[in-house]
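**Student:** Following this line is protein_33.cif, made up of mmCIF, C-alpha atoms:
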data_work
loop_
_atom_site.label_atom_id
_atom_site.label_comp_id
_atom_site.auth_asym_id
_atom_site.auth_seq_id
_atom_site.Cartn_x
_atom_site.Cartn_y
_atom_site.Cartn_z
CA MET A 687 93.97 100.86 103.68
CA ASN A 688 91.29 100.16 106.24
CA ASP A 689 88.50 102.63 107.07
CA GLU A 690 90.09 103.90 110.30
CA ALA A 691 93.41 104.64 108.58
CA ALA A 692 91.60 106.40 105.71
CA TRP A 693 89.73 108.73 108.05
CA GLY A 694 92.92 109.34 110.03
CA MET A 695 94.74 110.36 106.86
CA GLU A 696 91.90 112.70 105.93
CA GLU A 697 91.90 114.30 109.37
CA ARG A 698 95.65 114.94 109.07
CA PHE A 699 94.98 117.01 105.93
CA TRP A 700 92.85 119.32 108.02
CA LEU A 701 95.00 119.44 111.14
CA GLY A 702 98.54 118.65 109.97
CA SER A 703 101.22 120.96 108.69
CA ALA A 704 101.98 121.63 105.03
CA ASP A 705 105.11 119.50 105.43
CA ASP A 706 103.03 116.60 106.81
CA ASN A 707 100.62 116.81 103.89
CA GLU A 708 103.12 117.34 101.08
CA GLY A 709 104.38 113.77 101.33
CA VAL A 710 100.96 112.26 100.63
CA LEU A 711 99.89 114.56 97.79
CA SER A 712 100.06 113.23 94.26
CA PRO A 713 101.98 115.63 91.99
CA GLU A 714 98.81 115.61 89.83
CA CYS A 715 96.42 116.33 92.73
CA VAL A 716 93.54 118.71 91.97
CA MET A 717 91.60 120.58 94.66
CA ALA A 718 88.49 122.76 94.29
CA PHE A 719 87.38 125.31 96.86
CA ALA A 720 84.91 128.19 96.98
CA GLU A 721 86.13 131.65 95.99
CA PRO A 722 88.53 133.25 96.59
CA VAL A 723 90.69 130.09 96.46
CA GLY A 724 89.18 128.31 93.44
CA ILE A 725 90.97 125.40 91.75
CA LEU A 726 94.48 124.40 92.80
CA ARG A 727 96.82 121.83 91.30
CA GLY A 728 100.19 120.32 92.17
CA SER A 729 102.68 122.67 93.83
CA ALA A 730 100.05 125.44 94.19
CA ILE A 731 98.33 123.23 96.77
CA VAL A 732 101.41 123.07 98.99
CA GLU A 733 101.96 126.83 98.63
CA SER A 734 98.37 127.41 99.69
CA LEU A 735 98.76 125.10 102.69
CA ARG A 736 101.86 126.98 103.81
CA SER A 737 100.12 130.37 103.71
CA ALA A 738 96.70 129.40 105.12
CA PRO A 739 95.99 129.40 108.86
CA ARG A 740 95.75 125.82 110.11
CA TRP A 741 92.60 124.33 111.56
CA ALA A 742 92.34 123.93 115.34
CA SER A 743 89.77 121.13 115.04
CA VAL A 744 87.61 119.30 112.54
CA ASP A 745 84.54 117.14 113.01
CA MET A 746 83.74 114.81 110.09
CA THR A 747 80.20 113.40 110.06
CA GLU A 748 77.91 111.72 107.49
CA ARG A 749 80.95 109.66 106.48
CA VAL A 750 80.79 107.54 103.33
CA ILE A 751 83.59 105.45 101.80
CA GLY A 752 83.62 104.26 98.20
CA ARG A 753 86.04 101.66 96.88
CA PRO A 754 85.54 101.46 93.11
CA ASP A 755 88.59 99.18 92.84
CA GLN A 756 91.46 97.96 95.03
CA ALA A 757 93.64 100.97 94.21
CA THR A 758 91.07 103.76 94.64
CA LEU A 759 89.44 105.10 97.80
CA VAL A 760 86.81 107.86 97.83
CA LEU A 761 85.77 109.64 101.02
CA ALA A 762 82.69 111.86 101.30
CA TYR A 763 81.64 113.65 104.46
CA ARG A 764 80.31 116.75 106.13
CA ALA A 765 83.05 118.77 107.85
CA GLU A 766 82.92 121.41 110.53
CA GLY A 767 86.29 123.04 111.07
CA THR A 768 87.30 125.67 113.58
CA ARG A 769 90.17 128.16 113.58
CA GLU A 770 91.23 130.65 116.21
CA GLU A 771 89.08 133.77 116.26
CA ALA A 772 86.90 132.67 113.33
CA ASP A 773 83.38 131.35 112.87
CA PRO A 774 83.11 127.59 112.29
CA TYR A 775 83.45 126.51 108.65
CA ARG A 776 81.00 123.90 107.35
CA ALA A 777 81.30 122.06 104.04
CA TYR A 778 80.51 118.86 102.22
CA CYS A 779 83.80 117.35 101.11
CA THR A 780 85.15 114.59 98.90
CA SER A 781 88.68 113.21 98.69
CA THR A 782 90.03 110.55 96.38
CA TYR A 783 93.13 108.53 97.19
CA ARG A 784 95.01 106.30 94.77
CA LEU A 785 97.37 103.47 95.66
CA THR A 786 100.65 104.25 93.90
CA GLY A 787 103.28 101.59 94.45
CA ALA A 788 103.16 100.96 98.18
CA GLU A 789 101.64 104.28 99.25
CA TRP A 790 98.26 105.98 99.12
CA LEU A 791 98.34 109.48 97.62
CA LEU A 792 95.64 112.13 97.55
CA VAL A 793 94.65 112.81 93.93
CA GLN A 794 91.50 114.93 94.45
CA HIS A 795 89.83 117.01 97.16
CA GLN A 796 86.73 119.21 96.85
CA GLN A 797 84.78 121.35 99.32
CA THR A 798 81.26 122.71 98.93
CA PRO A 799 80.56 125.26 101.68
CA ILE A 800 77.33 124.92 103.64
CA HIS A 801 75.73 128.29 104.30
#
Spell out the structure here as structure tokens.

**Tutor:**
Amino acid sequence: MNDEAAWGMEERFWLGSADDNEGVLSPECVMAFAEPVGILRGSAIVESLRSAPRWASVDMTERVIGRPDQATLVLAYRAEGTREEADPYRAYCTSTYRLTGAEWLLVQHQQTPIH
């Protein structure tokens, strides 16, 4: 996957629907968020996506891509997301994708809020 496609996939996780995202989540995916969400794994991630309000926009800056091998892609960035009638949300984020067969699947995502 080239850099542009990687960042496009990451942006879709912020802005896409739960159905859009479910197809690119590894069944073993692990996500970590600040309280009250905490750590999510597997099907709990999709359930959380279905119940959470979706983002109206996201701006990803300070972008870094790591490629430890040909089948692993790590993204790190600063995000600023907006939702209707809410203050902007700012966080440092990481996501790890793994090439499984012919498709890239998200295996890890973490957010550290910036206060």

**Student:** Closest to A:Ala762 among A:His795, A:His801, A:Ala742, A:Ser734, using all atoms listed in the file?

**Tutor:**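 When distances to A:Ala762 are compared using all atoms listed in the file, the smallest one comes from A:His795.
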
**Student:** Any idea what the distance is between atom CA of A:Gly767 and atom CA of A:Ser703?

**Tutor:**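 Interatomic distance, atom CA of A:Gly767 to atom CA of A:Ser703: 15.3 Å.
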
**Student:** Could you name the residues that touch A:Ile725 at 12 Å or less, counting only C-alpha atoms, but leaving out those on the same chain fewer than 4 positions away, as a PyMOL selection string?

**Tutor:** chain A and resi 715-721+730-731+734+794-797

**Student:** Quote the spacing between atom CA of A:Leu792 and atom CA of A:Glu748 in Å to one decimal place.

**Tutor:**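 These two atoms are separated by 20.3 Å.
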
**Student:** Give the answer as one residue: which of A:Gly724, A:Gly752, A:Pro713, A:Gly702 has the shortest atom-to-atom distance to A:Arg736, using all atoms listed in the file?

**Tutor:**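 Closest residue, counting all atoms listed in the file: A:Gly702.
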
**Student:** Just how far from atom CA of A:Pro722 is atom CA of A:Asp705, in Å to one decimal?

**Tutor:** 23.3 Å

**Student:** Point out the residue among A:Ser743, A:Asn688, A:Thr798, A:Ser737 with the least atom-to-atom distance to A:Tyr763, counting all atoms listed in the file.

**Tutor:** A:Thr798

**Student:** Would you mind listing what lies within 8 Å of A:Ile800 as a list in words, with all atoms listed in the file counted and same-chain residues fewer than 2 positions away left out?

**Tutor:** Arg776, Ala777, Tyr778 and Thr798 of chain A

**Student:** Quick one: of A:Cys779, A:Leu735, A:Ala772, A:Leu701, who's nearest to A:Ile751, counting only C-alpha atoms?

**Tutor:**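 Among the listed residues, the smallest separation from A:Ile751 belongs to A:Cys779.
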
**Student:** Given the choices A:Glu770, A:Asp745, A:Glu789, A:Asp755, which gets closest to A:Trp700 if the distance is worked out from all atoms listed in the file?

**Tutor:**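 Distance minimum relative to A:Trp700 lands on A:Asp745.
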
**Student:** Taking (92.5, 103.3, 93.5) in the file's own coordinates, collect the residues within 10 Å, counting all atoms listed in the file, and hand them back as a PDB file with C-alpha atoms, keeping the file's coordinate frame.

**Tutor:**
ATOM      1  CA  ARG A 753      86.040 101.660  96.880  1.00  0.00           C
ATOM      2  CA  PRO A 754      85.540 101.460  93.110  1.00  0.00           C
ATOM      3  CA  ASP A 755      88.590  99.180  92.840  1.00  0.00           C
ATOM      4  CA  GLN A 756      91.460  97.960  95.030  1.00  0.00           C
ATOM      5  CA  ALA A 757      93.640 100.970  94.210  1.00  0.00           C
ATOM      6  CA  THR A 758      91.070 103.760  94.640  1.00  0.00           C
ATOM      7  CA  LEU A 759      89.440 105.100  97.800  1.00  0.00           C
ATOM      8  CA  VAL A 760      86.810 107.860  97.830  1.00  0.00           C
ATOM      9  CA  THR A 782      90.030 110.550  96.380  1.00  0.00           C
ATOM     10  CA  TYR A 783      93.130 108.530  97.190  1.00  0.00           C
ATOM     11  CA  ARG A 784      95.010 106.300  94.770  1.00  0.00           C
ATOM     12  CA  LEU A 785      97.370 103.470  95.660  1.00  0.00           C
ATOM     13  CA  THR A 786     100.650 104.250  93.900  1.00  0.00           C
ATOM     14  CA  TRP A 790      98.260 105.980  99.120  1.00  0.00           C
ATOM     15  CA  LEU A 791      98.340 109.480  97.620  1.00  0.00           C
ATOM     16  CA  VAL A 793      94.650 112.810  93.930  1.00  0.00           C
TER      17      VAL A 793
END

**Student:** Of the candidates A:Thr747, A:Pro799, A:Gly787, A:Val732, which one gets nearest to A:Asp706 if we count all atoms listed in the file?

**Tutor:**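 Counting all atoms listed in the file, the residue closest to A:Asp706 is A:Val732.
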
**Student:** Hey, could you pull the box centre and edge lengths for stretch 738-755 of chain A, axis-aligned, 6 Å padding per side, all listed atoms, to one decimal in Å, as AutoDock Vina command-line options?

**Tutor:**
--center_x 87.3 --center_y 114.3 --center_z 104.1 --size_x 30.8 --size_y 42.2 --size_z 34.5
